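Structure file query-v1.pdb with PDB, C-alpha atoms:
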ATOM      1  CA  MET A   1       0.000   0.000   0.000
ATOM      2  CA  LYS A   2       2.883   2.294   0.875
ATOM      3  CA  SER A   3       4.678   1.757  -2.429
ATOM      4  CA  LYS A   4       1.583   2.833  -4.338
ATOM      5  CA  PHE A   5       1.002   5.916  -2.240
ATOM      6  CA  ILE A   6       4.392   7.626  -2.653
ATOM      7  CA  PRO A   7       4.562   7.671  -6.477
ATOM      8  CA  LEU A   8       1.012   9.048  -6.532
ATOM      9  CA  ILE A   9       1.999  11.973  -4.308
ATOM     10  CA  LEU A  10       5.117  12.596  -6.372
ATOM     11  CA  ILE A  11       3.113  12.744  -9.569
ATOM     12  CA  LEU A  12       0.588  15.056  -7.937
ATOM     13  CA  ILE A  13       3.337  17.423  -6.751
ATOM     14  CA  PHE A  14       4.884  17.361 -10.202
ATOM     15  CA  ILE A  15       1.564  18.227 -11.852
ATOM     16  CA  ILE A  16       0.854  21.082  -9.435
ATOM     17  CA  THR A  17       4.322  22.560  -9.944
ATOM     18  CA  PHE A  18       3.960  22.213 -13.691
ATOM     19  CA  VAL A  19       0.614  24.018 -13.708
ATOM     20  CA  ILE A  20       1.929  26.882 -11.536
ATOM     21  CA  PHE A  21       5.012  27.426 -13.668
ATOM     22  CA  PHE A  22       3.095  27.033 -16.911
ATOM     23  CA  LYS A  23       0.660  29.716 -15.837
ATOM     24  CA  GLY A  24       3.511  31.936 -14.689
ATOM     25  CA  LEU A  25       5.103  31.591 -18.111
ATOM     26  CA  LYS A  26       2.189  33.353 -19.727
ATOM     27  CA  ASN A  27       2.052  36.243 -17.270
ATOM     28  CA  PRO A  28       3.931  39.252 -18.587
ATOM     29  CA  ASN A  29       6.481  40.390 -16.032
ATOM     30  CA  ILE A  30       6.800  43.856 -17.513
ATOM     31  CA  TYR A  31       5.095  46.644 -15.629
ATOM     32  CA  THR A  32       1.809  47.533 -17.310
ATOM     33  CA  PRO A  33       0.007  50.415 -15.647
ATOM     34  CA  ASN A  34      -3.705  50.892 -15.731
ATOM     35  CA  THR A  35      -4.521  53.260 -18.577
ATOM     36  CA  ASN A  36      -8.194  53.908 -17.886
ATOM     37  CA  LEU A  37      -8.056  55.352 -14.402
ATOM     38  CA  GLU A  38     -10.102  58.384 -13.472
ATOM     39  CA  LYS A  39      -7.682  60.143 -11.200
ATOM     40  CA  GLU A  40      -7.312  63.635  -9.928
ATOM     41  CA  VAL A  41      -4.519  65.552 -11.565
ATOM     42  CA  PRO A  42      -1.464  65.717  -9.318
ATOM     43  CA  SER A  43      -0.475  69.262  -8.552
ATOM     44  CA  PHE A  44       2.856  70.634  -9.573
ATOM     45  CA  LYS A  45       4.765  73.866  -9.402
ATOM     46  CA  LEU A  46       7.198  74.037 -12.262
ATOM     47  CA  LYS A  47       9.205  76.557 -14.170
ATOM     48  CA  SER A  48       7.991  77.596 -17.558
ATOM     49  CA  PHE A  49      10.228  76.425 -20.368
ATOM     50  CA  GLU A  50      10.454  79.743 -22.209
ATOM     51  CA  ASN A  51      11.017  82.292 -19.484
ATOM     52  CA  GLY A  52      11.426  80.455 -16.202
ATOM     53  CA  SER A  53       8.323  81.895 -14.543
ATOM     54  CA  ILE A  54       6.638  79.572 -12.097
ATOM     55  CA  ILE A  55       3.518  77.780 -13.271
ATOM     56  CA  ILE A  56       1.028  76.170 -10.915
ATOM     57  CA  SER A  57      -0.922  73.205 -12.230
ATOM     58  CA  GLU A  58      -4.255  74.155 -10.635
ATOM     59  CA  LYS A  59      -4.422  77.236 -12.819
ATOM     60  CA  ILE A  60      -3.924  75.306 -16.030
ATOM     61  CA  PHE A  61      -6.430  72.505 -15.560
ATOM     62  CA  LYS A  62      -9.177  74.467 -13.851
ATOM     63  CA  ASN A  63     -11.349  75.348 -16.862
ATOM     64  CA  ASN A  64     -13.550  73.094 -18.939
ATOM     65  CA  ASP A  65     -11.122  72.497 -21.783
ATOM     66  CA  TYR A  66      -9.575  69.220 -22.667
ATOM     67  CA  HIS A  67      -5.866  69.075 -22.080
ATOM     68  CA  LEU A  68      -3.256  66.698 -23.310
ATOM     69  CA  MET A  69      -0.224  66.670 -21.123
ATOM     70  CA  ASN A  70       2.657  65.223 -23.071
ATOM     71  CA  ILE A  71       5.973  64.273 -21.500
ATOM     72  CA  TRP A  72       8.748  64.699 -24.033
ATOM     73  CA  ALA A  73      12.465  65.282 -24.441
ATOM     74  CA  SER A  74      14.677  66.177 -27.358
ATOM     75  CA  TRP A  75      16.892  63.150 -26.725
ATOM     76  CA  CYS A  76      13.994  60.745 -26.947
ATOM     77  CA  ILE A  77      13.693  59.149 -30.383
ATOM     78  CA  PRO A  78      10.058  57.931 -30.092
ATOM     79  CA  CYS A  79       9.083  61.526 -29.283
ATOM     80  CA  LYS A  80      10.067  62.438 -32.834
ATOM     81  CA  ALA A  81       7.770  59.749 -34.177
ATOM     82  CA  GLU A  82       4.768  61.018 -32.236
ATOM     83  CA  HIS A  83       5.469  64.647 -33.044
ATOM     84  CA  GLU A  84       3.544  64.726 -36.313
ATOM     85  CA  PHE A  85       0.420  63.501 -34.532
ATOM     86  CA  LEU A  86       0.780  66.188 -31.900
ATOM     87  CA  MET A  87       1.060  68.745 -34.698
ATOM     88  CA  LYS A  88      -2.231  67.443 -36.096
ATOM     89  CA  LEU A  89      -3.841  67.803 -32.684
ATOM     90  CA  LYS A  90      -2.667  71.382 -32.483
ATOM     91  CA  ASN A  91      -5.192  72.358 -35.161
ATOM     92  CA  ASN A  92      -8.032  71.095 -32.991
ATOM     93  CA  GLU A  93      -9.402  73.999 -30.999
ATOM     94  CA  LYS A  94     -11.047  71.913 -28.313
ATOM     95  CA  ILE A  95      -7.835  70.601 -26.869
ATOM     96  CA  LYS A  96      -4.833  72.342 -25.413
ATOM     97  CA  LEU A  97      -1.471  70.699 -25.462
ATOM     98  CA  ILE A  98       0.841  71.012 -22.522
ATOM     99  CA  GLY A  99       4.384  69.815 -22.879
ATOM    100  CA  LEU A 100       6.424  68.615 -19.971
ATOM    101  CA  ASN A 101      10.046  68.805 -20.993
ATOM    102  CA  TYR A 102      11.726  65.891 -19.231
ATOM    103  CA  LYS A 103      15.389  66.108 -18.190
ATOM    104  CA  ASP A 104      16.426  68.187 -21.136
ATOM    105  CA  ASN A 105      18.515  71.257 -21.763
ATOM    106  CA  PHE A 106      17.068  74.407 -23.213
ATOM    107  CA  LYS A 107      19.260  74.544 -26.305
ATOM    108  CA  ASN A 108      18.531  71.035 -27.568
ATOM    109  CA  ALA A 109      14.854  71.279 -26.749
ATOM    110  CA  SER A 110      14.359  74.565 -28.539
ATOM    111  CA  SER A 111      16.192  73.374 -31.651
ATOM    112  CA  PHE A 112      13.980  70.259 -31.571
ATOM    113  CA  LEU A 113      10.904  72.512 -31.620
ATOM    114  CA  ASN A 114      12.376  74.764 -34.300
ATOM    115  CA  ASP A 115      13.037  71.829 -36.581
ATOM    116  CA  LEU A 116       9.782  69.981 -36.125
ATOM    117  CA  GLY A 117       7.377  72.722 -35.085
ATOM    118  CA  ASN A 118       5.922  73.571 -31.699
ATOM    119  CA  PRO A 119       2.568  71.887 -31.028
ATOM    120  CA  TYR A 120       2.325  73.012 -27.407
ATOM    121  CA  ASP A 121       0.300  75.847 -25.952
ATOM    122  CA  LEU A 122       2.441  75.769 -22.871
ATOM    123  CA  ILE A 123       5.654  74.029 -21.947
ATOM    124  CA  VAL A 124       6.906  73.432 -18.463
ATOM    125  CA  SER A 125      10.295  71.972 -17.728
ATOM    126  CA  ASP A 126      11.032  69.156 -15.346
ATOM    127  CA  LYS A 127      14.783  69.254 -14.957
ATOM    128  CA  ASP A 128      15.234  66.449 -12.452
ATOM    129  CA  GLY A 129      12.221  64.294 -13.347
ATOM    130  CA  THR A 130      10.572  64.528  -9.940
ATOM    131  CA  ALA A 131       7.316  65.999 -11.265
ATOM    132  CA  SER A 132       6.950  63.043 -13.625
ATOM    133  CA  ILE A 133       7.141  60.695 -10.654
ATOM    134  CA  GLU A 134       4.227  62.587  -9.076
ATOM    135  CA  TRP A 135       2.280  61.864 -12.249
ATOM    136  CA  GLY A 136       3.126  58.190 -12.065
ATOM    137  CA  ALA A 137       5.068  58.334 -15.296
ATOM    138  CA  TYR A 138       8.048  56.115 -15.797
ATOM    139  CA  GLY A 139       9.480  57.074 -19.141
ATOM    140  CA  VAL A 140       9.221  59.268 -22.183
ATOM    141  CA  PRO A 141       7.040  59.740 -24.108
ATOM    142  CA  GLU A 142       3.871  59.521 -22.121
ATOM    143  CA  SER A 143       0.627  61.461 -22.478
ATOM    144  CA  PHE A 144      -2.328  62.141 -20.233
ATOM    145  CA  LEU A 145      -5.718  63.244 -21.483
ATOM    146  CA  ILE A 146      -7.247  65.536 -18.875
ATOM    147  CA  TYR A 147     -10.743  66.918 -18.493
ATOM    148  CA  GLN A 148     -11.951  68.966 -15.512
ATOM    149  CA  SER A 149      -8.831  68.212 -13.493
ATOM    150  CA  LYS A 150      -9.223  64.457 -14.002
ATOM    151  CA  ILE A 151      -7.043  62.132 -16.011
ATOM    152  CA  ILE A 152      -9.378  60.400 -18.429
ATOM    153  CA  LYS A 153      -6.885  58.374 -20.345
ATOM    154  CA  ARG A 154      -3.226  57.679 -20.306
ATOM    155  CA  PHE A 155      -1.070  56.887 -23.316
ATOM    156  CA  ILE A 156       2.168  55.077 -22.712
ATOM    157  CA  GLY A 157       4.775  55.390 -25.401
ATOM    158  CA  PRO A 158       4.481  57.418 -28.576
ATOM    159  CA  ILE A 159       1.054  58.452 -29.791
ATOM    160  CA  ASN A 160       0.167  56.781 -33.077
ATOM    161  CA  ASN A 161      -2.633  57.261 -35.571
ATOM    162  CA  GLU A 162      -5.003  55.050 -33.585
ATOM    163  CA  ASP A 163      -4.441  57.046 -30.407
ATOM    164  CA  LEU A 164      -4.974  60.263 -32.328
ATOM    165  CA  LEU A 165      -8.330  59.032 -33.635
ATOM    166  CA  GLU A 166      -9.289  57.951 -30.131
ATOM    167  CA  ILE A 167      -8.452  61.349 -28.687
ATOM    168  CA  GLN A 168     -10.423  63.085 -31.418
ATOM    169  CA  LYS A 169     -13.361  60.819 -30.689
ATOM    170  CA  LEU A 170     -13.178  61.442 -26.941
ATOM    171  CA  ILE A 171     -13.035  65.213 -27.146
ATOM    172  CA  ARG A 172     -15.792  65.625 -29.699
TER
ATOM    173  CA  MET B   1      38.581  78.920  26.355
ATOM    174  CA  LYS B   2      39.824  78.689  22.796
ATOM    175  CA  PHE B   3      40.268  74.987  23.221
ATOM    176  CA  ILE B   4      36.646  74.597  24.336
ATOM    177  CA  ASN B   5      35.426  76.578  21.352
ATOM    178  CA  ILE B   6      37.310  74.411  18.899
ATOM    179  CA  PHE B   7      36.150  71.335  20.716
ATOM    180  CA  LEU B   8      32.514  72.441  20.430
ATOM    181  CA  ILE B   9      32.878  73.205  16.719
ATOM    182  CA  VAL B  10      34.384  69.786  16.051
ATOM    183  CA  ILE B  11      31.626  68.081  18.026
ATOM    184  CA  ASN B  12      29.024  70.017  16.054
ATOM    185  CA  ILE B  13      30.536  69.073  12.717
ATOM    186  CA  LEU B  14      30.666  65.435  13.718
ATOM    187  CA  ASN B  15      27.023  65.582  14.746
ATOM    188  CA  PHE B  16      25.975  66.971  11.382
ATOM    189  CA  ASN B  17      27.850  64.172   9.768
ATOM    190  CA  LEU B  18      25.887  61.619  11.754
ATOM    191  CA  LEU B  19      22.627  63.263  10.785
ATOM    192  CA  MET B  20      23.496  63.072   7.115
ATOM    193  CA  ALA B  21      24.591  59.476   7.374
ATOM    194  CA  GLY B  22      21.276  58.506   8.952
ATOM    195  CA  GLU B  23      19.345  60.173   6.191
ATOM    196  CA  ILE B  24      21.344  58.548   3.428
ATOM    197  CA  LYS B  25      20.998  55.176   5.059
ATOM    198  CA  SER B  26      17.213  55.285   5.264
ATOM    199  CA  GLU B  27      17.047  56.693   1.745
ATOM    200  CA  ASN B  28      19.003  53.717   0.430
ATOM    201  CA  GLU B  29      16.987  51.370   2.587
ATOM    202  CA  ILE B  30      13.771  52.576   0.962
ATOM    203  CA  ALA B  31      15.241  52.478  -2.548
ATOM    204  CA  LYS B  32      16.314  48.877  -2.000
ATOM    205  CA  ASN B  33      12.727  47.858  -1.282
ATOM    206  CA  LEU B  34      11.424  49.351  -4.522
ATOM    207  CA  ARG B  35      11.335  47.625  -7.861
ATOM    208  CA  CYS B  36      12.716  49.601 -10.775
ATOM    209  CA  LEU B  37       9.820  49.395 -13.175
ATOM    210  CA  ILE B  38      11.675  49.795 -16.426
ATOM    211  CA  CYS B  39      14.687  47.619 -15.652
ATOM    212  CA  GLN B  40      13.848  44.019 -14.965
ATOM    213  CA  GLY B  41      15.247  42.329 -11.911
ATOM    214  CA  GLN B  42      16.802  45.428 -10.371
ATOM    215  CA  SER B  43      15.866  47.532  -7.413
ATOM    216  CA  VAL B  44      15.673  51.307  -7.657
ATOM    217  CA  HIS B  45      18.780  51.462  -5.504
ATOM    218  CA  ASP B  46      20.812  49.352  -7.948
ATOM    219  CA  SER B  47      19.626  51.018 -11.101
ATOM    220  CA  ASP B  48      21.022  54.066 -12.844
ATOM    221  CA  SER B  49      18.160  54.547 -15.275
ATOM    222  CA  GLU B  50      16.562  57.979 -15.608
ATOM    223  CA  PHE B  51      13.478  56.698 -13.811
ATOM    224  CA  ALA B  52      15.448  55.379 -10.866
ATOM    225  CA  ILE B  53      17.553  58.525 -10.545
ATOM    226  CA  SER B  54      14.410  60.677 -10.387
ATOM    227  CA  LEU B  55      12.749  58.320  -7.949
ATOM    228  CA  LYS B  56      15.731  58.491  -5.624
ATOM    229  CA  LEU B  57      15.501  62.278  -5.734
ATOM    230  CA  VAL B  58      11.812  62.091  -4.867
ATOM    231  CA  ILE B  59      12.538  59.809  -1.918
ATOM    232  CA  LYS B  60      15.181  62.258  -0.686
ATOM    233  CA  ASP B  61      12.710  65.148  -0.965
ATOM    234  CA  LYS B  62      10.017  63.233   0.880
ATOM    235  CA  ILE B  63      12.388  62.364   3.712
ATOM    236  CA  GLN B  64      13.334  66.015   4.013
ATOM    237  CA  GLN B  65       9.653  66.917   4.091
ATOM    238  CA  GLY B  66       9.392  64.634   7.084
ATOM    239  CA  MET B  67       7.516  61.717   5.589
ATOM    240  CA  SER B  68       8.055  58.362   7.249
ATOM    241  CA  GLU B  69       9.148  55.227   5.420
ATOM    242  CA  GLU B  70       5.616  53.801   5.445
ATOM    243  CA  GLU B  71       4.162  57.025   4.086
ATOM    244  CA  ILE B  72       6.610  57.007   1.200
ATOM    245  CA  TYR B  73       5.718  53.413   0.364
ATOM    246  CA  SER B  74       2.014  54.158   0.346
ATOM    247  CA  PHE B  75       2.594  57.282  -1.742
ATOM    248  CA  LEU B  76       4.454  55.280  -4.372
ATOM    249  CA  LYS B  77       1.919  52.474  -4.198
ATOM    250  CA  MET B  78      -0.791  54.995  -5.012
ATOM    251  CA  LYS B  79       1.169  56.278  -8.001
ATOM    252  CA  TYR B  80       2.532  53.063  -9.444
ATOM    253  CA  GLY B  81       0.558  50.253  -7.889
ATOM    254  CA  GLU B  82       1.634  47.428  -5.650
ATOM    255  CA  TRP B  83       4.113  46.127  -8.217
ATOM    256  CA  ILE B  84       6.676  48.740  -7.219
ATOM    257  CA  LEU B  85       7.015  47.256  -3.721
ATOM    258  CA  TYR B  86       9.268  44.254  -3.298
ATOM    259  CA  ASP B  87       7.490  43.190  -0.155
ATOM    260  CA  PRO B  88       4.076  41.898  -1.237
ATOM    261  CA  VAL B  89       1.154  42.979   0.909
ATOM    262  CA  PHE B  90      -1.009  40.337   2.559
ATOM    263  CA  ASN B  91      -4.272  40.265   0.613
ATOM    264  CA  GLN B  92      -6.538  37.981  -1.374
ATOM    265  CA  ASN B  93      -4.083  37.627  -4.227
ATOM    266  CA  THR B  94      -1.096  36.876  -2.059
ATOM    267  CA  TYR B  95      -2.289  34.820   0.878
ATOM    268  CA  PHE B  96      -1.424  31.616  -0.942
ATOM    269  CA  LEU B  97       2.106  32.966  -1.306
ATOM    270  CA  TRP B  98       2.389  33.855   2.367
ATOM    271  CA  LEU B  99       0.716  30.770   3.828
ATOM    272  CA  LEU B 100       2.212  28.079   1.610
ATOM    273  CA  PRO B 101       5.613  27.935   3.393
ATOM    274  CA  ILE B 102       3.901  27.688   6.779
ATOM    275  CA  LEU B 103       1.624  24.951   5.481
ATOM    276  CA  ILE B 104       4.547  22.987   4.062
ATOM    277  CA  PHE B 105       6.420  23.384   7.329
ATOM    278  CA  LEU B 106       3.477  22.052   9.329
ATOM    279  CA  VAL B 107       2.888  19.088   7.018
ATOM    280  CA  GLY B 108       6.604  18.265   7.042
ATOM    281  CA  GLY B 109       6.676  18.451  10.823
ATOM    282  CA  ALA B 110       3.650  16.172  11.058
ATOM    283  CA  ILE B 111       5.320  13.583   8.821
ATOM    284  CA  ILE B 112       8.544  13.691  10.870
ATOM    285  CA  ILE B 113       6.721  13.327  14.180
ATOM    286  CA  LYS B 114       4.602  10.503  12.863
ATOM    287  CA  ARG B 115       7.660   8.590  11.629
ATOM    288  CA  PHE B 116       9.532   9.205  14.872
ATOM    289  CA  TYR B 117       6.747   7.759  16.986
ATOM    290  CA  TYR B 118       6.188   4.898  14.555
ATOM    291  CA  LYS B 119       9.759   3.701  15.011
ATOM    292  CA  LYS B 120       9.437   3.838  18.766
TER
END
Rewritten as structure tokens:
Amino acid sequence: MKSKFIPLILILIFIITFVIFFKGLKNPNIYTPNTNLEKEVPSFKLKSFENGSIIISEKIFKNNDYHLMNIWASWCIPCKAEHEFLMKLKNNEKIKLIGLNYKDNFKNASSFLNDLGNPYDLIVSDKDGTASIEWGAYGVPESFLIYQSKIIKRFIGPINNEDLLEIQKLIR
Amino acid sequence: MKFINIFLIVINILNFNLLMAGEIKSENEIAKNLRCLICQGQSVHDSDSEFAISLKLVIKDKIQQGMSEEEIYSFLKMKYGEWILYDPVFNQNTYFLWLLPILIFLVGGAIIIKRFYYKK
């Protein structure tokens, strides 16, 4: 009776381990944040990119406009790819674009905007990246669609044509 | 008199040093318990990515603002979710993880005791 019992347990343990590991294999272990959260906008107090005057976030997001807050940097290659879509959004009057210049220097950033055009209504600079942490961002580029001081949708990585259509649909 | 003055200055400087050391230590301690989200298998403390550098700065700021270790963890948990913490919280998703070792220990102990008394 004993000799039958032990192999049975061994097989059972083996099967359980196999199932656990097999399931774990399919789980992505890359951080994937929730993109559909309705969250209050974190407040920030940052220097304006152009003239260094201090800008308080409550004043920007208070009114009933849609805002797209876009985290960008001149050294970030995917930001170049999304730039044409931001330029298209600029023509839309219902939405205001706010750029958050992430860990960049003024010279490179302004030549980036001169070459490719400036889609932003307002740019603030985040020299040490601490404001981005408050927003829960973890890289560039990243965009937040904001309405009435709430984040409606979050776009991780460069904005593509699909995202652009989605934004246009949401703000209509 | 002069000697006492110098002595006091030296003592003061040494005290500042201690204060700084304490701050840096707890800052590193917190960073070690945080997962760097964009670099796999590294803590924030180990990583030199842009994200980790900024996060370390934020932790430093929060300590200077007088936030406790727990408050910083819950702040980051709110921003990035539970995944950023290395120490998983005890909840519905994780109680299997926490209780399994205890369960195995108890079962193993039961088997050992049973065998021991059998032989006797």
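For the residues A:Leu86, A:Pro141, A:Ile98, A:Leu116, ranking by smallest atom-to-atom distance to Ile167 of chain A using all atoms listed in the file places A:Leu86 first.
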Subject >> Expansion of the ChimeraX specification (/B :<7) & /A into residues, as a list in words >> reply: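 This file gives the following for the ChimeraX specification (/B :<7) & /A: Tyr31, Asp128, Gly129, Thr130, Ile133, Gly136, Tyr138 and Gly139 of chain A.
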Kindly save the residues from that selection, with C-alpha atoms included, as a PDB file, in the coordinates of the input.
ATOM      1  CA  TYR A  31       5.095  46.644 -15.629  1.00  0.00           C
ATOM      2  CA  ASP A 128      15.234  66.449 -12.452  1.00  0.00           C
ATOM      3  CA  GLY A 129      12.221  64.294 -13.347  1.00  0.00           C
ATOM      4  CA  THR A 130      10.572  64.528  -9.940  1.00  0.00           C
ATOM      5  CA  ILE A 133       7.141  60.695 -10.654  1.00  0.00           C
ATOM      6  CA  GLY A 136       3.126  58.190 -12.065  1.00  0.00           C
ATOM      7  CA  TYR A 138       8.048  56.115 -15.797  1.00  0.00           C
ATOM      8  CA  GLY A 139       9.480  57.074 -19.141  1.00  0.00           C
TER       9      GLY A 139
END
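Interatomic distance, atom CA of Glu29 of chain B to atom CA of Glu134 of chain A: 20.6 Å.
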**OP:** Just give me the gap between atom CA of Glu166 of chain A and atom CA of Val140 of chain A in Å, one decimal is fine.
**Re:**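 Between atom CA of Glu166 of chain A and atom CA of Val140 of chain A the gap is 20.2 Å.
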**OP:** Pick out the residues sitting within 12 Å of segment 89-95 of chain A, and hand them over as JSON, numbers by chain; count all atoms listed in the file, and ignore anything fewer than 6 positions along from it in its own chain.
**Re:** {"A": [61, 63, 64, 65, 66, 67, 68, 69, 70, 82, 83, 117, 118, 119, 120, 121, 122, 145, 146, 147, 159, 160, 161, 163, 164, 165, 166, 167, 168, 169, 170, 171, 172]}
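Against the coordinates shown, the PyMOL selection byres ((chain A and resi 58) around 12) returns Glu40, Val41, Pro42, Ser43, Phe44, Lys45, Leu46, Ile55, Ile56, Ser57, Lys59, Ile60, Phe61, Lys62, Asn63, Gln148, Ser149 and Lys150 of chain A.
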Original post:
By how many Å are atom CA of Phe155 of chain A and atom CA of Glu142 of chain A apart?
Top reply: 5.7 Å
**OP:** Evaluate the PyMOL selection byres ((chain A and resi 101) around 7) on the structure here and hand back the selected residues as a ChimeraX atom specification.
**Re:** /A:71-73,99-100,102-104,123-126
Can you pull out every residue within 10 Å of segment 85-97 of chain B, counting only C-alpha atoms, but drop anything in the same chain fewer than 4 positions away, and send it as a CSV table (one decimal) with C-alpha atoms, in the coordinates of the input?
chain,number,residue,atom,x,y,z
B,30,ILE,CA,13.8,52.6,1.0
B,31,ALA,CA,15.2,52.5,-2.5
B,32,LYS,CA,16.3,48.9,-2.0
B,33,ASN,CA,12.7,47.9,-1.3
B,34,LEU,CA,11.4,49.4,-4.5
B,35,ARG,CA,11.3,47.6,-7.9
B,36,CYS,CA,12.7,49.6,-10.8
B,43,SER,CA,15.9,47.5,-7.4
B,73,TYR,CA,5.7,53.4,0.4
B,74,SER,CA,2.0,54.2,0.3
B,76,LEU,CA,4.5,55.3,-4.4
B,77,LYS,CA,1.9,52.5,-4.2
B,80,TYR,CA,2.5,53.1,-9.4
B,81,GLY,CA,0.6,50.3,-7.9
B,101,PRO,CA,5.6,27.9,3.4
B,102,ILE,CA,3.9,27.7,6.8
B,103,LEU,CA,1.6,25.0,5.5
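Considering the residues A:Lys127, A:Asn114, A:Cys79, A:Phe106 and counting only C-alpha atoms, Pro158 of chain A has its shortest atom-to-atom contact with A:Cys79.
Closest approach to Trp135 of chain A among A:Lys4, A:Ala109, A:Lys39, A:Phe14: A:Lys39, based on all atoms listed in the file.
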Can I get segment 23-41 of chain B with N, CA and C atoms filled in, as a short mmCIF file (atom, residue, chain, number, x, y, z; two decimals), keeping the file's coordinate frame?
data_model
loop_
_atom_site.label_atom_id
_atom_site.label_comp_id
_atom_site.auth_asym_id
_atom_site.auth_seq_id
_atom_site.Cartn_x
_atom_site.Cartn_y
_atom_site.Cartn_z
N GLU B 23 20.27 59.88 7.27
CA GLU B 23 19.34 60.17 6.19
C GLU B 23 19.66 59.34 4.96
N ILE B 24 20.95 59.30 4.61
CA ILE B 24 21.34 58.55 3.43
C ILE B 24 21.03 57.08 3.60
N LYS B 25 21.24 56.59 4.81
CA LYS B 25 21.00 55.18 5.06
C LYS B 25 19.53 54.83 4.84
N SER B 26 18.62 55.64 5.42
CA SER B 26 17.21 55.28 5.26
C SER B 26 16.75 55.49 3.83
N GLU B 27 17.38 56.46 3.15
CA GLU B 27 17.05 56.69 1.74
C GLU B 27 17.39 55.46 0.91
N ASN B 28 18.60 54.93 1.16
CA ASN B 28 19.00 53.72 0.43
C ASN B 28 18.15 52.53 0.81
N GLU B 29 17.80 52.48 2.09
CA GLU B 29 16.99 51.37 2.59
C GLU B 29 15.65 51.33 1.85
N ILE B 30 15.05 52.51 1.67
CA ILE B 30 13.77 52.58 0.96
C ILE B 30 13.95 52.20 -0.50
N ALA B 31 15.01 52.74 -1.12
CA ALA B 31 15.24 52.48 -2.55
C ALA B 31 15.49 50.99 -2.81
N LYS B 32 16.05 50.31 -1.82
CA LYS B 32 16.31 48.88 -2.00
C LYS B 32 15.03 48.06 -2.00
N ASN B 33 13.99 48.58 -1.35
CA ASN B 33 12.73 47.86 -1.28
C ASN B 33 11.79 48.20 -2.42
N LEU B 34 12.27 48.96 -3.40
CA LEU B 34 11.42 49.35 -4.52
C LEU B 34 11.93 48.71 -5.81
N ARG B 35 10.97 48.25 -6.59
CA ARG B 35 11.34 47.62 -7.86
C ARG B 35 11.47 48.71 -8.92
N CYS B 36 12.56 48.68 -9.65
CA CYS B 36 12.72 49.60 -10.78
C CYS B 36 11.84 49.09 -11.90
N LEU B 37 10.87 49.90 -12.29
CA LEU B 37 9.82 49.40 -13.18
C LEU B 37 10.28 49.20 -14.60
N ILE B 38 11.29 49.92 -15.02
CA ILE B 38 11.68 49.80 -16.43
C ILE B 38 12.90 48.91 -16.61
N CYS B 39 13.55 48.51 -15.51
CA CYS B 39 14.69 47.62 -15.65
C CYS B 39 14.33 46.33 -14.91
N GLN B 40 14.32 45.24 -15.61
CA GLN B 40 13.85 44.02 -14.96
C GLN B 40 14.88 43.45 -14.01
N GLY B 41 14.39 43.01 -12.87
CA GLY B 41 15.25 42.33 -11.91
C GLY B 41 16.20 43.23 -11.16
#
